[in-house]
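Engineer: Dropping in coords34.cif, with mmCIF, C-alpha atoms.
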data_protein
#
loop_
_atom_site.label_atom_id
_atom_site.label_comp_id
_atom_site.auth_asym_id
_atom_site.auth_seq_id
_atom_site.Cartn_x
_atom_site.Cartn_y
_atom_site.Cartn_z
CA MET A 1 0.00 0.00 0.00
CA SER A 2 1.47 3.38 -1.03
CA VAL A 3 1.75 6.04 1.65
CA PRO A 4 0.34 9.46 0.69
CA ALA A 5 2.54 12.56 0.61
CA VAL A 6 1.53 15.30 3.06
CA HIS A 7 2.10 19.05 2.80
CA HIS A 8 1.47 21.57 5.58
CA LEU A 9 -0.17 24.87 4.54
CA ASP A 10 -0.99 28.04 6.48
CA CYS A 11 -4.22 29.21 4.86
CA ALA A 12 -5.58 31.56 7.54
CA PRO A 13 -2.77 33.58 9.16
CA MET A 14 -4.17 35.86 11.84
CA SER A 15 -2.96 38.37 14.42
CA PRO A 16 -5.68 38.09 17.05
CA LEU A 17 -6.30 40.57 19.81
CA VAL A 18 -6.51 37.59 22.20
CA GLY A 19 -3.32 35.74 23.06
CA ALA A 20 0.28 36.87 22.85
CA GLU A 21 1.18 35.24 19.54
CA ARG A 22 -0.22 35.41 16.07
CA MET A 23 -2.06 32.36 14.78
CA VAL A 24 -1.87 30.19 11.71
CA GLY A 25 -4.55 28.31 9.81
CA HIS A 26 -2.90 24.89 9.67
CA CYS A 27 -4.31 22.90 6.75
CA LEU A 28 -3.05 19.64 5.26
CA LEU A 29 -2.80 18.64 1.61
CA VAL A 30 -2.64 14.87 1.21
CA ALA A 31 -1.56 13.56 -2.21
CA THR A 32 -3.08 10.08 -2.61
CA GLY A 33 -3.10 7.75 -5.58
CA SER A 34 -6.70 8.72 -6.33
CA GLY A 35 -6.30 12.48 -6.10
CA LEU A 36 -5.68 15.26 -3.60
CA VAL A 37 -7.37 15.49 -0.21
CA LEU A 38 -7.45 18.85 1.59
CA ILE A 39 -8.02 18.93 5.34
CA ASP A 40 -9.64 22.29 6.16
CA THR A 41 -9.45 25.14 3.65
CA GLY A 42 -8.65 28.31 5.59
CA LEU A 43 -9.83 31.54 3.99
CA GLY A 44 -10.58 31.65 0.28
CA ALA A 45 -10.26 33.90 -2.74
CA ALA A 46 -13.72 35.44 -2.27
CA ASP A 47 -12.83 36.35 1.33
CA VAL A 48 -9.76 38.22 0.07
CA MET A 49 -11.69 40.01 -2.67
CA GLU A 50 -14.71 40.77 -0.48
CA PRO A 51 -13.50 41.03 3.15
CA HIS A 52 -16.88 42.29 4.35
CA ARG A 53 -18.14 38.71 3.93
CA LEU A 54 -16.19 37.76 7.05
CA GLY A 55 -18.05 40.22 9.24
CA THR A 56 -16.77 43.19 11.20
CA LEU A 57 -16.38 41.31 14.50
CA PHE A 58 -14.19 38.55 13.05
CA ARG A 59 -12.00 40.99 11.13
CA ARG A 60 -11.47 43.17 14.21
CA LEU A 61 -10.77 40.30 16.59
CA ALA A 62 -8.78 37.97 14.32
CA ARG A 63 -7.17 40.55 12.03
CA PRO A 64 -6.67 37.97 9.26
CA THR A 65 -4.03 38.36 6.55
CA LEU A 66 -6.06 38.70 3.37
CA ASP A 67 -3.73 37.80 0.51
CA LEU A 68 -4.52 35.61 -2.50
CA SER A 69 -1.08 34.00 -2.26
CA ARG A 70 -2.05 32.60 1.16
CA THR A 71 -5.16 30.80 -0.06
CA ALA A 72 -5.07 27.02 -0.31
CA ALA A 73 -5.66 27.06 -4.08
CA HIS A 74 -2.66 29.34 -4.68
CA GLN A 75 -0.39 27.32 -2.39
CA ILE A 76 -1.44 24.07 -4.06
CA ARG A 77 -0.40 25.51 -7.43
CA ALA A 78 2.91 26.62 -5.91
CA LEU A 79 3.53 23.01 -4.91
CA GLY A 80 3.10 21.94 -8.53
CA TYR A 81 -0.36 20.44 -8.19
CA ASP A 82 -3.57 21.34 -9.99
CA PRO A 83 -6.33 22.57 -7.62
CA HIS A 84 -8.83 20.77 -9.85
CA ASP A 85 -7.32 17.51 -8.60
CA VAL A 86 -8.59 18.18 -5.06
CA ARG A 87 -11.19 15.42 -5.00
CA ASP A 88 -12.06 15.49 -1.30
CA ILE A 89 -12.12 18.15 1.42
CA VAL A 90 -12.30 16.97 5.02
CA LEU A 91 -13.43 19.62 7.51
CA THR A 92 -12.63 19.50 11.21
CA HIS A 93 -15.62 21.83 11.60
CA LEU A 94 -17.44 24.58 9.73
CA ASP A 95 -16.22 27.75 11.46
CA LEU A 96 -15.70 30.51 8.91
CA ASP A 97 -11.87 30.49 9.13
CA HIS A 98 -11.89 26.81 8.13
CA THR A 99 -14.39 26.91 5.25
CA GLY A 100 -13.56 30.06 3.25
CA GLY A 101 -11.75 28.12 0.53
CA LEU A 102 -14.59 25.68 -0.21
CA ALA A 103 -15.74 27.61 -3.28
CA ASP A 104 -12.21 27.49 -4.72
CA PHE A 105 -12.70 23.73 -5.15
CA PRO A 106 -16.31 23.54 -6.39
CA HIS A 107 -16.10 19.95 -7.65
CA ALA A 108 -14.65 18.43 -4.47
CA ARG A 109 -16.61 16.18 -2.14
CA VAL A 110 -16.86 17.88 1.26
CA HIS A 111 -16.74 15.57 4.28
CA VAL A 112 -18.26 16.72 7.56
CA THR A 113 -19.88 15.09 10.58
CA ALA A 114 -23.66 14.98 10.69
CA ASP A 115 -23.85 16.96 13.94
CA GLU A 116 -21.68 19.72 12.51
CA TYR A 117 -23.65 19.88 9.28
CA ARG A 118 -26.95 20.20 11.14
CA ALA A 119 -25.60 22.90 13.47
CA ALA A 120 -24.23 24.94 10.56
CA MET A 121 -27.35 24.67 8.44
CA ARG A 122 -29.72 25.54 11.29
CA ARG A 123 -27.62 28.26 13.01
CA GLU A 124 -30.08 28.24 15.92
CA SER A 125 -28.02 30.03 18.56
CA ARG A 126 -26.40 33.46 18.48
CA LEU A 127 -23.00 31.77 18.71
CA ASP A 128 -23.78 29.53 15.73
CA ALA A 129 -25.07 32.49 13.71
CA GLY A 130 -21.72 34.23 14.18
CA ARG A 131 -19.41 31.30 13.53
CA TYR A 132 -21.04 29.70 10.48
CA MET A 133 -21.10 31.57 7.16
CA PRO A 134 -23.60 30.25 4.58
CA ALA A 135 -21.88 32.30 1.85
CA HIS A 136 -18.97 29.86 2.05
CA TRP A 137 -21.18 27.02 0.77
CA ALA A 138 -23.57 29.01 -1.41
CA HIS A 139 -22.13 27.14 -4.44
CA SER A 140 -23.93 23.99 -3.17
CA PRO A 141 -20.96 21.67 -2.66
CA HIS A 142 -21.22 17.90 -2.80
CA TRP A 143 -21.58 17.19 0.91
CA VAL A 144 -20.61 13.78 2.29
CA ILE A 145 -22.25 13.55 5.71
CA HIS A 146 -20.64 11.16 8.17
CA ASP A 147 -23.52 10.20 10.43
CA THR A 148 -21.93 7.31 12.30
CA ALA A 149 -18.39 6.40 13.26
CA ASP A 150 -18.25 2.78 12.11
CA SER A 151 -14.62 2.10 12.93
CA THR A 152 -12.12 2.68 15.76
CA TRP A 153 -8.68 4.25 16.00
CA HIS A 154 -6.53 3.99 19.15
CA GLY A 155 -9.61 3.86 21.34
CA PHE A 156 -11.46 6.65 19.51
CA ALA A 157 -14.50 6.23 17.30
CA ALA A 158 -13.55 6.80 13.67
CA SER A 159 -15.06 7.22 10.22
CA PRO A 160 -12.88 6.48 7.14
CA VAL A 161 -12.88 9.05 4.35
CA GLN A 162 -14.05 7.34 1.17
CA ARG A 163 -13.35 3.99 2.81
CA SER A 164 -9.64 4.84 3.00
CA PRO A 165 -7.79 3.42 6.01
CA ASP A 166 -5.20 6.19 5.61
CA ILE A 167 -7.49 9.14 6.47
CA LEU A 168 -9.98 8.96 9.32
CA MET A 169 -12.43 11.40 10.89
CA ILE A 170 -12.35 11.22 14.71
CA PRO A 171 -15.35 12.83 16.48
CA LEU A 172 -14.05 15.28 19.08
CA PRO A 173 -16.96 17.60 19.98
CA GLY A 174 -16.83 20.55 22.30
CA HIS A 175 -15.48 23.49 20.35
CA THR A 176 -18.45 22.99 18.05
CA ARG A 177 -21.24 20.43 18.16
CA GLY A 178 -19.79 18.19 15.46
CA HIS A 179 -16.10 19.08 15.67
CA CYS A 180 -13.73 16.27 14.70
CA ALA A 181 -10.03 15.54 14.45
CA VAL A 182 -8.54 13.99 11.30
CA ALA A 183 -5.94 11.20 11.41
CA VAL A 184 -3.55 10.70 8.47
CA GLN A 185 -1.22 7.71 8.24
CA ARG A 186 2.47 8.29 7.51
CA PRO A 187 5.24 5.70 6.98
CA ASP A 188 6.37 5.69 10.62
CA ARG A 189 3.55 7.35 12.52
CA TRP A 190 0.10 8.92 12.41
CA LEU A 191 -0.58 12.64 12.18
CA LEU A 192 -3.62 13.81 14.11
CA HIS A 193 -4.98 17.18 13.04
CA ALA A 194 -6.95 18.12 16.16
CA GLY A 195 -8.60 21.18 14.62
CA ASP A 196 -9.74 23.63 17.28
CA ALA A 197 -9.80 21.08 20.10
CA TYR A 198 -7.13 23.37 21.56
CA PHE A 199 -5.36 26.57 20.47
CA PHE A 200 -2.06 26.42 22.37
CA HIS A 201 0.52 23.62 22.34
CA GLY A 202 0.90 23.77 26.12
CA GLU A 203 -2.65 22.50 26.56
CA ILE A 204 -1.57 18.95 25.67
CA ASP A 205 1.71 19.07 27.56
CA LEU A 206 1.99 15.90 29.65
CA ARG A 207 3.95 17.44 32.53
CA ARG A 208 2.35 20.85 32.98
CA PRO A 209 -0.73 21.57 30.86
CA ARG A 210 -1.08 25.33 30.44
CA CYS A 211 -2.59 28.02 28.25
CA PRO A 212 -2.35 31.84 28.19
CA ARG A 213 -5.28 33.19 30.17
CA SER A 214 -6.65 35.26 27.30
CA LEU A 215 -6.72 32.24 24.98
CA SER A 216 -8.24 30.07 27.69
CA LEU A 217 -11.05 32.56 28.23
CA TYR A 218 -11.59 32.92 24.49
CA GLN A 219 -11.87 29.15 24.01
CA ARG A 220 -14.40 28.92 26.82
CA PHE A 221 -16.41 31.74 25.24
CA VAL A 222 -16.59 30.20 21.76
CA ALA A 223 -17.05 26.57 22.85
CA ASP A 224 -20.38 24.96 22.11
CA ASN A 225 -19.78 22.72 25.15
CA HIS A 226 -16.78 23.65 27.28
CA GLY A 227 -17.00 20.49 29.40
CA GLN A 228 -16.88 18.30 26.30
CA ARG A 229 -13.89 20.25 25.02
CA LEU A 230 -11.99 19.64 28.26
CA THR A 231 -12.86 15.94 28.13
CA GLY A 232 -11.47 15.82 24.60
CA LEU A 233 -8.27 17.49 25.79
CA ASP A 234 -7.86 14.86 28.48
CA ARG A 235 -8.24 12.15 25.86
CA LEU A 236 -5.66 13.79 23.60
CA ARG A 237 -3.17 13.89 26.47
CA GLU A 238 -3.81 10.22 27.21
CA LEU A 239 -3.28 9.44 23.54
CA ARG A 240 0.07 11.23 23.57
CA ARG A 241 1.07 9.44 26.76
CA ALA A 242 0.15 6.00 25.40
CA ASP A 243 1.67 6.34 21.93
CA PRO A 244 4.23 9.19 21.96
CA ARG A 245 6.27 7.82 19.05
CA LEU A 246 3.41 6.63 16.90
CA ILE A 247 1.10 9.66 16.91
CA ARG A 248 1.93 13.33 16.40
CA VAL A 249 -0.87 15.66 17.53
CA PHE A 250 -1.23 19.27 16.41
CA SER A 251 -3.98 21.89 16.25
CA SER A 252 -5.19 24.43 13.71
CA HIS A 253 -3.81 27.67 15.08
CA ASP A 254 -0.60 27.09 17.06
CA VAL A 255 2.40 28.82 15.46
CA SER A 256 5.11 26.70 17.06
CA GLU A 257 3.46 23.42 16.05
CA PHE A 258 3.24 24.58 12.44
CA ALA A 259 6.87 25.70 12.48
CA ARG A 260 8.03 22.28 13.68
CA PHE A 261 6.50 20.65 10.63
CA THR A 262 7.73 23.17 8.10
CA ALA A 263 11.15 23.85 9.70
CA LYS A 264 11.00 27.44 8.51
CA ALA A 265 9.04 30.61 9.05
CA PRO A 266 5.32 29.96 9.70
CA GLY A 267 3.13 30.48 6.69
CA ARG A 268 5.57 29.17 4.06
CA VAL A 269 4.59 26.34 1.76
CA ARG A 270 6.44 23.07 2.10
#
Rewrite the structure from the file as structure tokens, please.
Structural biologist:
Amino acid sequence: MSVPAVHHLDCAPMSPLVGAERMVGHCLLVATGSGLVLIDTGLGAADVMEPHRLGTLFRRLARPTLDLSRTAAHQIRALGYDPHDVRDIVLTHLDLDHTGGLADFPHARVHVTADEYRAAMRRESRLDAGRYMPAHWAHSPHWVIHDTADSTWHGFAASPVQRSPDILMIPLPGHTRGHCAVAVQRPDRWLLHAGDAYFFHGEIDLRRPRCPRSLSLYQRFVADNHGQRLTGLDRLRELRRADPRLIRVFSSHDVSEFARFTAKAPGRVR
């Protein structure tokens, strides 16, 4: 079985008013034998051309870098791939800084958990109305709704993407109702993209879990279920403790985690 190539992209660089450091939008491009798979999309071309789509509150709080060269489609071309070959997009969740690039890949299948899809389509709470942006899927993408996790992965429920054992969706609710992590198999280990299960690398430290107070408060504020999020964090720490050499965990927005994978300045394509 061939092992897919993986590239780390920063598709939503931000300089938030919360926290001491700037943030990245850590996305993965997985080159498989049957096409490209993109895990999260960051912000897209339409967001750059029409920033008002993102809303005043998000732009003031996150202060995103709006540059076409930072979009996933542009970075995929820079790597020598054709964006039209992105066959599948796997979303950790549907927050606006993770879905802006959907329309740049209109023919891709878009994988999402059933709970997340329902929450985003209904937008019943004030929090949901602010975090989900229907304009990002106004092109009517081909949704693939994962309603049940019919497999397991290191003690977690799991749902294979297109029946592939190499890419798995791992339900990890809390930040949003249907938030998930995504596991990708590498030759010597697994990568686990934990999405927004945490924002700061110190939160999954095994000796002294920690997080800047401003980020901690922000995560509590935007969590759909803060208790569930903390339970998920505990499980991620246990996973790291049980299999430290076999699984490498990282989140969507931590600068230092992204830099470790790219071995150069955050935001560069590798």
Engineer: Using only C-alpha atoms, what table do you get, as CSV, when you list each residue of region 123-158 of chain A with an atom no more than 12 Å from region 56-62 of chain A, its nearest pair of atoms, and their distance in Å rounded to one decimal, rows by chain then rising number?
Structural biologist:
residue,atom,partner,partner_atom,distance
A:Gly130,CA,A:Phe58,CA,8.8
A:Arg131,CA,A:Phe58,CA,8.9
A:Tyr132,CA,A:Phe58,CA,11.5
A:Met133,CA,A:Phe58,CA,11.5
Engineer: Residues as selected, C-alpha atoms, written as a compact mmCIF listing (two decimals), keeping the file's coordinate frame, can you do that?
Structural biologist:
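This went into selection.txt:
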# COMPACT_ATOMS: atom_id res chain seq x y z
CA GLY A 130 -21.72 34.23 14.18
CA ARG A 131 -19.41 31.30 13.53
CA TYR A 132 -21.04 29.70 10.48
CA MET A 133 -21.10 31.57 7.16
Engineer: With only C-alpha atoms as the atoms that count, which of A:Ala31, A:Cys11, A:Ala103, A:Val222 lies nearest to His74 (chain A)?
Structural biologist: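 Checking each candidate against His74 (chain A), we get A:Cys11 as the closest.
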Engineer: Every residue with an atom at most 10 Å from (-17.5, 37.4, 3.9) (file coordinates; only C-alpha atoms) is what I'm after, so could you write them as a list in words?
Structural biologist: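 Using only C-alpha atoms, the matching residues come out as Leu43, Gly44, Ala46, Asp47, Val48, Met49, Glu50, Pro51, His52, Arg53, Leu54, Gly55, Thr56, Phe58, Arg59, Leu96, Gly100, Met133, Pro134, Ala135 and His136 of chain A.
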Engineer: Using all atoms listed in the file, which protein or nucleic acid residues come within 12 Å of Thr71 (chain A)? Drop anything in the same chain fewer than 4 positions from it, and give the result as an NGL selection string.
Structural biologist: :A and (9-13 or 25-27 or 40-49 or 64-67 or 75-78 or 83 or 97-105 or 267-269)
Engineer: Run the PyMOL selection byres ((chain A and resi 141) around 10) on the file and write out the hits as a list in words.
Structural biologist: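 Applying the expression gives Leu102, Ala103, Phe105, Pro106, His107, Ala108, Arg109, Val110, His136, Trp137, Ala138, His139, Ser140, His142, Trp143 and Val144 of chain A.
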Engineer: Tell me which residues the PyMOL selection byres ((chain A and resi 192) around 6) grabs here, as a PDB file with C-alpha atoms, in the frame of the given file.
Structural biologist:
ATOM      1  CA  VAL A 182      -8.540  13.990  11.300  1.00  0.00           C
ATOM      2  CA  ALA A 183      -5.940  11.200  11.410  1.00  0.00           C
ATOM      3  CA  LEU A 191      -0.580  12.640  12.180  1.00  0.00           C
ATOM      4  CA  HIS A 193      -4.980  17.180  13.040  1.00  0.00           C
ATOM      5  CA  ALA A 194      -6.950  18.120  16.160  1.00  0.00           C
ATOM      6  CA  VAL A 249      -0.870  15.660  17.530  1.00  0.00           C
TER       7      VAL A 249
END
Engineer: I'd like the contact shell of Ala120 (chain A) - 10 Å cut-off, all atoms listed in the file, skipping same-chain residues fewer than 2 positions apart - returned as a list in words.
Structural biologist: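 The filter keeps His93, Leu94, Asp95, Ala114, Asp115, Glu116, Tyr117, Arg118, Arg122, Arg123, Glu124, Asp128, Ala129, Arg131, Tyr132, Met133, Pro134, Thr176, Arg177 and Gly178 of chain A.
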Engineer: Any chance you could resolve the PyMOL selection byres ((chain A and resi 198-211) around 6) against this file and give the residues as a ChimeraX atom specification?
Structural biologist: /A:196-197,212,237,253-254
Engineer: Store the residues picked out above, limited to C-alpha atoms, as a JSON list (two decimals), in the coordinates of the input.
Structural biologist:
[["chain", "number", "residue", "atom", "x", "y", "z"],
["A", 196, "ASP", "CA", -9.74, 23.63, 17.28],
["A", 197, "ALA", "CA", -9.80, 21.08, 20.10],
["A", 212, "PRO", "CA", -2.35, 31.84, 28.19],
["A", 237, "ARG", "CA", -3.17, 13.89, 26.47],
["A", 253, "HIS", "CA", -3.81, 27.67, 15.08],
["A", 254, "ASP", "CA", -0.60, 27.09, 17.06]]
Engineer: Measure the distance from CA of Asp82 (chain A) to CA of Asp166 (chain A) in Å and round it to one decimal.
Structural biologist: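 Separation between CA of Asp82 (chain A) and CA of Asp166 (chain A): 21.8 Å.
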Engineer: Quick one: pull the distance between CA of His146 (chain A) and CA of Thr113 (chain A), Å, one decimal.
Structural biologist: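 Computed distance, CA of His146 (chain A) to CA of Thr113 (chain A), equals 4.7 Å.
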Engineer: Figure out the distance between CA of Leu230 (chain A) and CA of Val6 (chain A), please, to one decimal in Å.
Structural biologist: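 Taking CA of Val6 (chain A) and CA of Leu230 (chain A), their separation equals 28.9 Å.
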Engineer: Which is closer to His175 (chain A) than all the others in A:Asp234, A:Asp150, A:Asp188, A:Asp224, using only C-alpha atoms?
Structural biologist: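 The shortest atom-to-atom distance to His175 (chain A) comes from A:Asp224.
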